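Pasting upload-v4.pdb here (PDB, C-alpha atoms, pLDDT in the B column):
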```
ATOM      1  CA  MET A  22     140.434  -7.657 140.940  1.00 53.00           C
ATOM      2  CA  LYS A  23     140.113  -5.845 137.598  1.00 55.00           C
ATOM      3  CA  LEU A  24     138.555  -7.476 134.567  1.00 57.00           C
ATOM      4  CA  GLY A  25     139.568  -4.875 132.000  1.00 56.00           C
ATOM      5  CA  LEU A  26     136.142  -3.278 131.983  1.00 60.00           C
ATOM      6  CA  GLY A  27     137.359   0.199 132.821  1.00 59.00           C
ATOM      7  CA  LYS A  28     137.852   3.101 130.473  1.00 60.00           C
ATOM      8  CA  PRO A  29     140.215   2.403 127.569  1.00 57.00           C
ATOM      9  CA  LYS A  30     143.491   4.257 127.786  1.00 58.00           C
ATOM     10  CA  GLN A  31     143.835   7.227 125.478  1.00 56.00           C
ATOM     11  CA  LYS A  32     146.635   7.081 122.929  1.00 52.00           C
ATOM     12  CA  ASP A  33     149.005   9.997 122.854  1.00 48.00           C
ATOM     13  CA  PRO A  34     148.294  11.870 119.579  1.00 45.00           C
ATOM     14  CA  LEU A  35     151.944  12.959 119.375  1.00 44.00           C
ATOM     15  CA  THR A  36     153.162   9.371 118.937  1.00 44.00           C
ATOM     16  CA  VAL A  37     151.328   8.730 115.659  1.00 43.00           C
ATOM     17  CA  THR A  38     153.824   7.350 113.146  1.00 49.00           C
ATOM     18  CA  ASN A  39     154.057   7.855 109.410  1.00 52.00           C
ATOM     19  CA  PRO A  40     152.636   4.740 107.719  1.00 68.00           C
ATOM     20  CA  GLU A  41     154.896   5.114 104.656  1.00 73.00           C
ATOM     21  CA  SER A  42     158.038   3.031 104.506  1.00 83.00           C
ATOM     22  CA  PRO A  43     161.423   4.656 103.877  1.00 87.00           C
ATOM     23  CA  ALA A  44     161.343   3.157 100.365  1.00 86.00           C
ATOM     24  CA  ALA A  45     157.965   4.764  99.632  1.00 88.00           C
ATOM     25  CA  ILE A  46     159.157   8.096 100.972  1.00 91.00           C
ATOM     26  CA  ARG A  47     162.286   7.923  98.815  1.00 91.00           C
ATOM     27  CA  LEU A  48     160.269   6.945  95.738  1.00 93.00           C
ATOM     28  CA  ARG A  49     158.056   9.981  96.300  1.00 93.00           C
ATOM     29  CA  GLU A  50     161.185  12.171  96.500  1.00 94.00           C
ATOM     30  CA  LEU A  51     162.653  10.659  93.339  1.00 95.00           C
ATOM     31  CA  CYS A  52     159.402  11.411  91.495  1.00 95.00           C
ATOM     32  CA  GLY A  53     159.897  15.082  92.331  1.00 94.00           C
ATOM     33  CA  GLY A  54     156.341  15.728  93.425  1.00 90.00           C
ATOM     34  CA  ASP A  55     154.778  14.111  90.348  1.00 95.00           C
ATOM     35  CA  ALA A  56     151.848  12.340  91.995  1.00 95.00           C
ATOM     36  CA  GLU A  57     150.811  10.510  88.814  1.00 96.00           C
ATOM     37  CA  LEU A  58     154.289   9.071  88.273  1.00 96.00           C
ATOM     38  CA  TYR A  59     154.603   8.136  91.948  1.00 95.00           C
ATOM     39  CA  GLY A  60     151.224   6.398  91.895  1.00 95.00           C
ATOM     40  CA  ALA A  61     152.129   4.406  88.802  1.00 96.00           C
ATOM     41  CA  LEU A  62     155.586   3.382  89.998  1.00 96.00           C
ATOM     42  CA  SER A  63     154.354   2.492  93.480  1.00 94.00           C
ATOM     43  CA  HIS A  64     152.064  -0.061  91.804  1.00 94.00           C
ATOM     44  CA  LEU A  65     154.456  -1.341  89.146  1.00 95.00           C
ATOM     45  CA  LEU A  66     157.948  -1.510  90.662  1.00 93.00           C
ATOM     46  CA  PHE A  67     159.016  -4.846  92.103  1.00 90.00           C
ATOM     47  CA  LEU A  68     159.763  -4.748  95.828  1.00 82.00           C
ATOM     48  CA  ASP A  69     162.573  -7.262  95.450  1.00 83.00           C
ATOM     49  CA  PRO A  70     163.389  -7.805  91.781  1.00 82.00           C
ATOM     50  CA  LYS A  71     166.158 -10.276  92.619  1.00 81.00           C
ATOM     51  CA  LYS A  72     163.434 -12.748  93.561  1.00 85.00           C
ATOM     52  CA  ILE A  73     161.975 -12.725  90.045  1.00 85.00           C
ATOM     53  CA  MET A  74     163.327 -16.039  88.802  1.00 89.00           C
ATOM     54  CA  THR A  75     161.341 -16.375  85.579  1.00 91.00           C
ATOM     55  CA  PRO A  76     163.305 -15.111  82.568  1.00 94.00           C
ATOM     56  CA  LEU A  77     161.785 -12.358  80.459  1.00 95.00           C
ATOM     57  CA  ASP A  78     161.563 -14.580  77.370  1.00 96.00           C
ATOM     58  CA  ARG A  79     159.453 -17.127  79.272  1.00 97.00           C
ATOM     59  CA  VAL A  80     157.142 -14.380  80.607  1.00 97.00           C
ATOM     60  CA  LEU A  81     156.695 -13.075  77.064  1.00 97.00           C
ATOM     61  CA  SER A  82     156.045 -16.567  75.732  1.00 97.00           C
ATOM     62  CA  GLU A  83     153.320 -17.075  78.340  1.00 97.00           C
ATOM     63  CA  ALA A  84     151.831 -13.670  77.513  1.00 97.00           C
ATOM     64  CA  GLN A  85     151.681 -14.509  73.802  1.00 97.00           C
ATOM     65  CA  GLU A  86     150.217 -17.963  74.461  1.00 98.00           C
ATOM     66  CA  ASN A  87     147.500 -16.508  76.679  1.00 97.00           C
ATOM     67  CA  GLU A  88     146.825 -13.786  74.139  1.00 97.00           C
ATOM     68  CA  ALA A  89     146.430 -16.408  71.383  1.00 97.00           C
ATOM     69  CA  ARG A  90     144.075 -18.459  73.572  1.00 97.00           C
ATOM     70  CA  GLY A  91     141.974 -15.378  74.298  1.00 96.00           C
ATOM     71  CA  ASN A  92     142.810 -15.328  78.002  1.00 97.00           C
ATOM     72  CA  LYS A  93     143.078 -11.556  78.289  1.00 96.00           C
ATOM     73  CA  LEU A  94     143.560 -11.398  82.053  1.00 96.00           C
ATOM     74  CA  ARG A  95     146.540 -13.755  82.086  1.00 97.00           C
ATOM     75  CA  ALA A  96     148.013 -12.005  79.046  1.00 97.00           C
ATOM     76  CA  GLU A  97     147.664  -8.631  80.787  1.00 97.00           C
ATOM     77  CA  VAL A  98     149.345  -9.920  83.935  1.00 97.00           C
ATOM     78  CA  ALA A  99     152.233 -11.433  81.970  1.00 97.00           C
ATOM     79  CA  TYR A 100     152.760  -8.208  80.010  1.00 97.00           C
ATOM     80  CA  ARG A 101     152.633  -6.274  83.285  1.00 97.00           C
ATOM     81  CA  ILE A 102     155.390  -8.511  84.686  1.00 96.00           C
ATOM     82  CA  ALA A 103     157.415  -8.073  81.482  1.00 97.00           C
ATOM     83  CA  GLY A 104     156.996  -4.301  81.834  1.00 97.00           C
ATOM     84  CA  GLY A 105     158.171  -4.490  85.440  1.00 95.00           C
ATOM     85  CA  ILE A 106     161.241  -6.480  84.426  1.00 95.00           C
ATOM     86  CA  SER A 107     161.933  -3.871  81.751  1.00 96.00           C
ATOM     87  CA  LEU A 108     161.650  -1.101  84.364  1.00 95.00           C
ATOM     88  CA  TYR A 109     164.151  -2.957  86.518  1.00 93.00           C
ATOM     89  CA  ARG A 110     166.544  -3.387  83.585  1.00 93.00           C
ATOM     90  CA  GLY A 111     166.169   0.230  82.478  1.00 94.00           C
ATOM     91  CA  ASP A 112     164.840  -0.854  79.069  1.00 96.00           C
ATOM     92  CA  LEU A 113     162.775   2.068  77.758  1.00 97.00           C
ATOM     93  CA  ASP A 114     161.605   0.206  74.631  1.00 97.00           C
ATOM     94  CA  GLY A 115     160.456  -2.781  76.692  1.00 97.00           C
ATOM     95  CA  VAL A 116     158.614  -0.534  79.157  1.00 97.00           C
ATOM     96  CA  SER A 117     156.729   1.140  76.315  1.00 97.00           C
ATOM     97  CA  LYS A 118     156.004  -2.087  74.441  1.00 97.00           C
ATOM     98  CA  TYR A 119     154.898  -4.299  77.339  1.00 97.00           C
ATOM     99  CA  PHE A 120     152.877  -1.759  79.307  1.00 97.00           C
ATOM    100  CA  SER A 121     151.189  -0.760  76.045  1.00 97.00           C
ATOM    101  CA  LYS A 122     150.137  -4.391  75.539  1.00 97.00           C
ATOM    102  CA  ALA A 123     148.970  -4.651  79.166  1.00 97.00           C
ATOM    103  CA  ALA A 124     146.960  -1.432  78.757  1.00 96.00           C
ATOM    104  CA  SER A 125     145.298  -2.791  75.618  1.00 95.00           C
ATOM    105  CA  PHE A 126     143.903  -5.713  77.649  1.00 95.00           C
ATOM    106  CA  SER A 127     142.997  -3.814  80.801  1.00 93.00           C
ATOM    107  CA  GLY A 128     140.970  -0.986  79.303  1.00 88.00           C
ATOM    108  CA  ASP A 129     140.590   1.730  81.916  1.00 88.00           C
ATOM    109  CA  SER A 130     140.926  -0.539  84.941  1.00 92.00           C
ATOM    110  CA  HIS A 131     144.663   0.169  85.403  1.00 94.00           C
ATOM    111  CA  PRO A 132     145.406   3.888  84.907  1.00 94.00           C
ATOM    112  CA  GLU A 133     148.999   3.287  86.047  1.00 96.00           C
ATOM    113  CA  TYR A 134     149.761   1.701  82.653  1.00 96.00           C
ATOM    114  CA  LYS A 135     148.772   4.872  80.816  1.00 95.00           C
ATOM    115  CA  ALA A 136     150.704   7.019  83.294  1.00 95.00           C
ATOM    116  CA  ILE A 137     153.852   4.940  82.731  1.00 96.00           C
ATOM    117  CA  LEU A 138     153.407   5.134  78.966  1.00 96.00           C
ATOM    118  CA  LYS A 139     152.955   8.893  79.096  1.00 96.00           C
ATOM    119  CA  LYS A 140     156.067   9.357  81.255  1.00 96.00           C
ATOM    120  CA  SER A 141     158.146   6.328  80.322  1.00 96.00           C
ATOM    121  CA  THR A 142     161.477   8.164  80.094  1.00 96.00           C
ATOM    122  CA  GLU A 143     161.029   9.659  83.558  1.00 97.00           C
ATOM    123  CA  ALA A 144     159.760   6.334  84.919  1.00 97.00           C
ATOM    124  CA  VAL A 145     162.844   4.458  83.721  1.00 97.00           C
ATOM    125  CA  ALA A 146     165.156   7.123  85.185  1.00 96.00           C
ATOM    126  CA  VAL A 147     163.378   7.065  88.550  1.00 96.00           C
ATOM    127  CA  ALA A 148     163.305   3.252  88.609  1.00 95.00           C
ATOM    128  CA  ARG A 149     167.049   3.108  87.914  1.00 94.00           C
ATOM    129  CA  LYS A 150     167.818   5.504  90.788  1.00 94.00           C
ATOM    130  CA  TYR A 151     165.393   3.698  93.088  1.00 93.00           C
ATOM    131  CA  TYR A 152     166.884   0.255  92.458  1.00 92.00           C
ATOM    132  CA  GLU A 153     170.439   1.577  92.759  1.00 90.00           C
ATOM    133  CA  GLU A 154     169.672   3.135  96.138  1.00 88.00           C
ATOM    134  CA  PHE A 155     167.894   0.136  97.558  1.00 80.00           C
ATOM    135  CA  GLY A 156     170.662  -2.309  96.827  1.00 59.00           C
ATOM    136  CA  SER A 157     169.379  -4.003  93.698  1.00 52.00           C
ATOM    137  CA  SER A 158     171.941  -3.977  90.940  1.00 44.00           C
ATOM    138  CA  ILE A 159     170.504  -3.296  87.496  1.00 44.00           C
ATOM    139  CA  LEU A 160     170.475  -6.413  85.330  1.00 46.00           C
ATOM    140  CA  GLN A 161     172.242  -6.298  82.030  1.00 42.00           C
ATOM    141  CA  ALA A 162     169.772  -6.432  79.154  1.00 40.00           C
TER     142      ALA A 162
END
```
Please render this file's structure as structure tokens.
Amino acid sequence: MKLGLGKPKQKDPLTVTNPESPAAIRLRELCGGDAELYGALSHLLFLDPKKIMTPLDRVLSEAQENEARGNKLRAEVAYRIAGGISLYRGDLDGVSKYFSKAASFSGDSHPEYKAILKKSTEAVAVARKYYEEFGSSILQA
């Protein structure tokens, strides 16, 4: 009768798997080795943008209301969501505008906002390719 008190079995080191998903691997490829852009997009892209049911105008309204009330955290989050919707739609102006607002509330706590702002054209192009490849059709603006 064994009670499981023996030596633990050794795991075969050759069977270690890559923890990155195929989507993360493809995003890294689309970023062309730009680690800063990859880091920013991996934090800001929506995994399934079709599940975002709140319209952009309502998100912006909430952001402005929270900004007026002085609730900086909620305003930042709403502008971040608006920026993500703009990435999904391929709207370069929206990406710049909304992530700029989010960055103004976050200070230095979210470097991905500044990275997106610095490389917004590339970010929109990569996001478009990413969403096209992973089955999400780009919404019409």
How many Å lie between CA of Ala103 (chain A) and CA of Glu153 (chain A), rounded to one decimal?
19.7 Å
Polymer residues at most 9 Å from (155.6, 2.4, 79.4) by all atoms listed in the file, as JSON, numbers by chain
{"A": [104, 108, 113, 114, 115, 116, 117, 118, 119, 120, 121, 134, 135, 136, 137, 138, 139, 140, 141, 142, 144, 145]}
Taking (154.8, -13.3, 80.5) in the file's coordinates as the center, which residues reach within 10 Å of it, counting only C-alpha atoms, put as a ChimeraX atom specification?
/A:75-87,95-104,119
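Take CA of Cys52 (chain A) and CA of Ser125 (chain A): the distance between them is 25.5 Å.
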To one decimal place in Å, what is the distance between CA of Leu94 (chain A) and CA of Phe126 (chain A)?
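Calculated distance between CA of Leu94 (chain A) and CA of Phe126 (chain A) is 7.2 Å.
What the PyMOL selection byres ((chain A and resi 64) around 12) matches in the given file is Ala45, Leu48, Glu57, Leu58, Tyr59, Gly60, Ala61, Leu62, Ser63, Leu65, Leu66, Phe67, Leu68, Arg101, Ile102, Gly104, Gly105, His131, Pro132, Glu133, Tyr134, Ala136 and Ile137 of chain A.
Shortest atom-to-atom contact with Arg149 (chain A) among A:Ile73, A:Glu88, A:Lys122, A:Leu51: A:Leu51, counting all atoms listed in the file.
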Between A:Asp55, A:Ala124, A:Tyr151, A:Arg47, which residue has the minimum interatomic distance to Arg110 (chain A), considering all atoms listed in the file?
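Under the stated criterion, the closest residue is A:Tyr151.
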